[in-house]
Amino acid sequence: MDTEYCNVPLEIEDADNVELPRAKTVLAAIQRSPYCTIVKLGRVTQDKDIFKQNDEVVIFDTEAEVPQYPKNDVRKNERIAVIFPHEDNATPWVFALRKDFPEVVHQNSFFSGYPRSLCIYEKLFDELKISWSSAVFIEDIRSWLKLTAKGKLHQDDQQLEPFVLFNSGDIILPHDIKPNEKLYAFVTEQKSKRVSVLTSRSPFNATSKINLKVIPLSGETQTHGIIKFTPRNCEDLNSFLQGAKIDFKEELIKALRNNRSNSNERLVFLITLPKKRTETSLETVTEIHAYILFESIQQIGIKLGLWGFFDNKLVEIVGFDITKANFKEINAGLIKPHFSFNKELASLLNNSLQTPTIVNILAVGLGSLGSQVFMNLARSGWGKWNLVDDDILLPHNLARHSLFSNFVLSSKVEALSLLANDMLSDETFSFPLYTNLLRQASEEETKLLDEKIKGSDIVFDFSATISVPRYLCNNPKFLKKRVLSSFLNPAGDCCVILLEDKSKKISVDVIEMLFYRELLNNVVLKDYFAYNEAGSIRYSTSCKDVSSQIPQDHLAIHAASLSNFIKKNISKTEAYASVLKYNSESLTLDKQEIKIPTVLRYKISDWEIIIDNILVEKIYSLRKAKLPKETGGILIGAWDVEYKRIYILDTIIPADNSEYPTFFYRGIGGLKEELQKANKATAGTLKYVGEWHSHPDNCTTNPSGDDLTLLSWLTENMSLENLPAIMLIMGEKKKYSFCFGKTIE
Amino acid sequence: MANTVTCYPLGNADTTLIELNNGQVVLFDYANMRCEDDKDDKRCDLPKELNKVVENDYDVVAFTHGDRDHINGFSEYFYLEHAKKYQSDERKKINDLWVPAAVILETALDNPEADVLKAEAIYRLKNKKRVKIFSKPDKLKDWLKKEGIKFEDVSHLFVNAGTLVPGWTLGGNGIEFFVHSPFSEHIDDKDIERNEACIIVQAVFNNTHKTALLMGADADSDLLDSIVDVTKFYKRENRLEWDICNLPHHSSYKSINALERGKTKTTPTKNVKWLFEEKGRAKAIMISPSWEIPANYGEVQPPHKEAANYYGDVATLKDREYKITMEHPSKEYPKPLKIVIDEDGFTLEKINPAMAFITNKPAPKAG
């Protein structure tokens with residue numbers, strides 16, 4: 001049987017050779033391949049469509065690896081035409097010339113009259129030409145044929161339709177659009193012959209120059225491969241839509257008649273085309289195609305002979321015959337539909353899977369870190385948010401906040417929530433609470449806040465204060481709410497992440513204290529608080545109006561790490577603490593993870609003493625090292641006089657202790673320096689909280705007479721600061737006891 | 001993983017490797033023809049090519065007959081059980097050796113390697129394992145008696161024409177082998193005696209399309225005529241269908257019509273015509289294990305241009321292909337011809353050798 005071939009519908013003269021460099025190398029590659037034979041060469045002699053005079057044509061036969069029983073009718077031998085634009089500004093066009101070459105995926109939707117155009121590359125030519133190889137180009141054509149024959153070119157997740165090359169613009173549609181839904185549309189831009197159309201479910205304020213009438217049409221189910229070519233006028237469109245059983249001519253006339261009163265507007269057709277992958281497949285996918293008619297309703301009506309002017313009035317002409325109207329004269333442009341952004345798409349594009357259940361968050365403090373973390377996560381559609389902050393956006397915030405200047409003087413949370421919800425087309429994604437977590441301005445605010453707290457699973461504290469996490473640990477409203485607290489150091493190179501365990505065995509105030517202890521003992525973090533005070537900027541006149549100098553790029557890096565941490569780790573149950581330190585020389589982030597110990601809490605009088613097993617071990621081993629003598633030192637930690645807590649975190653041993661088997665004098669050698677160092681390293685957080693000494697083996701940890709004398713000395717001194725005295729006695733087998741002294745008023 | 005069939009460019013010589021998707025390998029013939037000292041010899045280095053894909057033992061090596069162009073160099077490549085000198089570690093073992101009865105019975109061989117093959121087959125036969133003998137002529141029974149071997153003890157090692165080779169099933173291994181030759185039959189009041197003939201089998205793969213591979217060995221038209229007669233007599237015509245045909249005797253006209261070569265094209269005998277034109281399925285492939293087709297008619301040695309012209313017609317008939325091992329993919333750089341068999345039937349690999357120049361050949365010497 002003879003194979004019939006078709007031609008590219010261009011004026012082409014035969015040529016003995018090609019001149020264009022790219023055509024030359026492709027020709028050479030064809031000649032070298034044992035699987036290709038040149039048929040003929042040619043040159044375009046007249047501009048037409050996208051082709052120009054002097055574009056060159058190479059036609060060749062090629063044998064691809066085609067199986068005996070191909071899934072698509074690709075033959076062992078296929079004739080291919082490659083057209084090289086002489087300006088070398090686009091990937092050479094590849095056409096399969098066999099008349100009955102199948103309509104398959106990965107074809108370009110060309111104008112009618114052209115042979116099937118194979119879409120060999122998804123990459124843009126500018127990108128492609130950097131690593132162009134003509135031999136590879138020929139092999140890629142053969143590989144296209146091979147994979148198409150085997151039905152493997154088309155991955156299941158890919159679009160079913162050919163790539164539309166010649167669209168006239170873009171249209172944005174609601175992501176959850178329903179067939180035949182009433183929509184409003186207007187042209188937002190018309191640049192270089194391209195139109196941009198925005199749609200909405202509610203009418204626009206009539207500020208737009210060109211309003212559009214949206215005409216929804218829907219077709220019957222077809223198997224895939226709907227677009228065979230790109231329609232350019234209403235006649236094309238009519239024949240294109242016949243497959244979906246839509247009589248486009250009738251629909252157009254109907255639309256004109258219905259809209260005669262808006263005769264200066266233009267028509268845009270939104271056509272819903274359901275389709276199946278194969279004849280037998282059950283799954284239907286719905287495609288939406290949009291076509292804009294470039295002329296006004298009135299102009300089209302007159303052109304088609306439907307209407308005429310009579311007495312300066314537009315009237316319908318009697319005896320209008322649809323079969324005689326010239327629909328070819330009415331230009332139509334395909335505009336590419338895009339769907340509004342939404343949570344699912346956000347999550348997909350960020351490659352971030354939602355945790356099985358959506359996390360309900362109460363975020364406190366939407367300053368620079370909070371706002372950036374929130375927007376990062378909003379862009380991936382992650383979580384459901386309540387945003388708490390009573391701050392407004394001020395000009396100096398623009399250095400690092402994710403809001404822009406149009407929101408200056410607006411509530412930060414209201415602006416952020418508005419932006420995120422609008423971006424995701426979801427009113428419920430976030431809820432702003434323009435209030436202070438610690439004290440609300442009205443009962444209503446409190447009621448609303450309480451309700452939102454109740455509905456939250458976790459609290460994100462980005463407030464960068466000590467008061468918020470303390471409040472969260474002590475207020476019964478938050479008894480069962482897990483807390484994540486994160487803040488930067490003054491220089492902005494470190495970001496601290498503190499996360500409670502799911503069952504809240506260890507609370508965030510304690511984790512924060514562990515972080516301070518880490519600052520004492522971890523050399524990497526010794527400069528955590530080192531910050532040039534001269535670097536703080538007074539943004540206004542009051543003494544409190546100071547903002548630090550932190551580069552936005554540091555902030556962005558930390559916000560990015562933090563949002564990534566949240567997505568990855570929030571479903572884990574353990575407590576976690578670390579410091580991320582950014583090195584702007586090496587451009588690397590260094591993670592210092594903080595070990596989470598077992599925490600021991602003791603209630604004594606109206607105070608609570610908090611200590612952990614790491615410190616107990618440390619003191620015990622110091623005792624052991626000095627046996628049979630006694631030893632001791634001072635305890636350092638922190639007081640919380642508001643909630644009456646004593647956090648004991650570390651110890652300092654003086655250099656000049658007097659140690660004996662049955663008694664001990666605590667010395668003072670180096671104490672002052674060490675205490676100062678601890679104080680400085682933790683910005684004054686860790687200080688002296690009490691004393692400890694050891695008892696030898698075979699002794700109780702009860703205080704001796706000497707110990708009681710010591711305690712009363714201590715109590716007297718501490719009472720000057722209105723604090724109780726703490727004395728720890730460490731005995732054998734890690735047994736220890738606390739002595740607590742308080743003056744009675 | 002798919003099944004593959006690979007034919008090697010060895011000039012006028014046969015070697016066909018079948019790799020099954022269960023990992024088993026079956027080799028039909030082994031003829032290493034390359035002249036190592038001749039740099040321009042385009043025939044492939046067979047042991048090297050085979051070792052690229054076959055790591056362990058061969059499940060089966062079938063020698064369709066003992067001619068040089070089917071066994072050349074086999075005694076240097078395989079581990080042979082009958083003598084120590086063939087047993088170095090790098091040699092490949094043969095789990096089951098298939099030979100026609102003639103290999104054992106032939107005397108006065110002018111090819112010393114045929115003697116080695118004979119000795120190996122006899123050794124295995126006496127051991128009563130790891131060998132299959134195709135057909136059991138009376139002469140062989142006499143020989144067994146002389147050797148003091150009871151026929152009953154070795155009868156399981158014999159395979160008759162008209163049956164499937166035992167141990168190979170579509171369900172089990174994914175392939176079956178139907179034996180056409182050698183044979184002796186009494187049909188239509190005629191005795192057809194073909195015990196001296198080569199092994200001819202039809203292998204069928206267990207894919208959706210039941211792809212069939214016909215191994216033509218060195219059959220001439222006489223043998224093919226008889227095979228067709230017998231097969232038709234038993235109404236087993238489907239056993240001669242083929243998607244892939246390893247053409248007999250390097251595209252010799254004698255396999256098409258032994259009596260009449262034809263001026264420019266050999267006219268096939270009635271049965272041969274039926275076998276090629278009717279029994280070849282659409283888009284099937286014929287492989288000529290041979291040198292490139294000569295420019296002139298009347299050449300003494302195959303391949304014959306007259307035969308090639310006939311096969312060309314067979315190809316055109318149902319969109320089939322006719323490929324010459326020494327011309328694939330090009331006369332300049334022949335490469336092993338590899339066919340993949342999967343759910344799309346078979347596919348001939350068509351890899352552009354120019355694209356693989358970096359790995360195909362060592363780079364020229366650098367100064």
# chains A, B, ... in the order shown; residues from 1 in each chain; ligands from 1
>>> residues_around(residues="A:Gly305", least_positions_apart="4", cutoff="7 Å", atoms="only C-alpha atoms", output="tab-separated table (two decimals) with N, CA and C atoms, in the first residue's frame")
chain	number	residue	atom	x	y	z
A	301	GLY	N	-22.91	42.13	14.80
A	301	GLY	CA	-24.29	42.00	14.35
A	301	GLY	C	-24.46	42.59	12.95
A	320	PHE	N	-33.20	37.65	7.98
A	320	PHE	CA	-31.79	37.29	8.19
A	320	PHE	C	-31.61	35.78	7.99
A	325	ALA	N	-24.76	34.12	6.25
A	325	ALA	CA	-23.89	35.05	6.98
A	325	ALA	C	-22.44	34.58	6.89
>>> interface_residues(of="chain A", to="chain B", cutoff="9 Å", atoms="only C-alpha atoms", output="list in words")
Met1, Arg32, Ser33, Pro34, Tyr35, Glu63, Ala64, Glu65, Val66, Pro67, Gln68, Tyr69, Pro70, Lys71, Lys76, Ala135, Val136, Glu139 and Lys150 of chain A
>>> residues_around(residues="A:Glu78", least_positions_apart="3", cutoff="7 Å", atoms="only C-alpha atoms", output="list in words")
Asp61, Thr62, Glu63, Arg75 and Arg98 of chain A
>>> select_by_dssp(residues="stretch 4-218 of chain B", states="alpha helix (DSSP H)", output="number ranges by chain")
B: 46-53, 68-71, 74-77, 101-105, 112-127, 138-147, 151-154
>>> select_by_dssp(residues="stretch 74-151 of chain A", states="strand (DSSP E)", output="NGL selection string")
:A and (77-84 or 93-96 or 107-109 or 116-118)
>>> residues_around(residues="B:Val60", least_positions_apart="2", cutoff="12 Å", atoms="only C-alpha atoms", output="PyMOL selection string")
chain B and resi 16-20+24-30+56-58+62-63+78+92-99+130-132+165+167-168+177
>>> residues_around(residues="A:Ala559", least_positions_apart="5", cutoff="7 Å", atoms="only C-alpha atoms", output="MDAnalysis selection string")
chainID A and resid 369 372:373
>>> residues_around(residues="A:Phe460", least_positions_apart="2", cutoff="9 Å", atoms="only C-alpha atoms", output="MDAnalysis selection string")
chainID A and resid 361:365 370 458 462:463 482:486
>>> residues_around(residues="A:Ala577", least_positions_apart="5", cutoff="7 Å", atoms="only C-alpha atoms", output="PyMOL selection string")
chain A and resi 497-499+593-594
>>> write_last_selection(atoms="N, CA and C atoms", output="PDB file, in the first residue's frame")
ATOM      1  N   ILE A 497      14.338  28.038  67.994  1.00  0.00           N
ATOM      2  CA  ILE A 497      13.064  27.312  67.841  1.00  0.00           C
ATOM      3  C   ILE A 497      12.845  26.488  69.106  1.00  0.00           C
ATOM      4  N   LEU A 498      11.753  26.736  69.781  1.00  0.00           N
ATOM      5  CA  LEU A 498      11.427  25.993  70.995  1.00  0.00           C
ATOM      6  C   LEU A 498      10.037  25.398  70.830  1.00  0.00           C
ATOM      7  N   LEU A 499       9.957  24.085  70.928  1.00  0.00           N
ATOM      8  CA  LEU A 499       8.666  23.437  70.708  1.00  0.00           C
ATOM      9  C   LEU A 499       8.369  22.480  71.852  1.00  0.00           C
ATOM     10  N   GLU A 593      21.513  21.818  68.145  1.00  0.00           N
ATOM     11  CA  GLU A 593      20.331  21.243  68.763  1.00  0.00           C
ATOM     12  C   GLU A 593      20.540  21.165  70.274  1.00  0.00           C
ATOM     13  N   ILE A 594      19.497  21.455  71.004  1.00  0.00           N
ATOM     14  CA  ILE A 594      19.603  21.466  72.469  1.00  0.00           C
ATOM     15  C   ILE A 594      18.948  20.207  73.007  1.00  0.00           C
TER      16      ILE A 594
END
>>> atom_distance(atom1="atom CA of A:Ile566", atom2="atom CA of A:Asp527")
26.5 Å
>>> closest_residue(among="A:Lys595, A:Arg116, A:Lys24, A:Arg232", to="A:Glu574", atoms="only C-alpha atoms")
A:Lys595
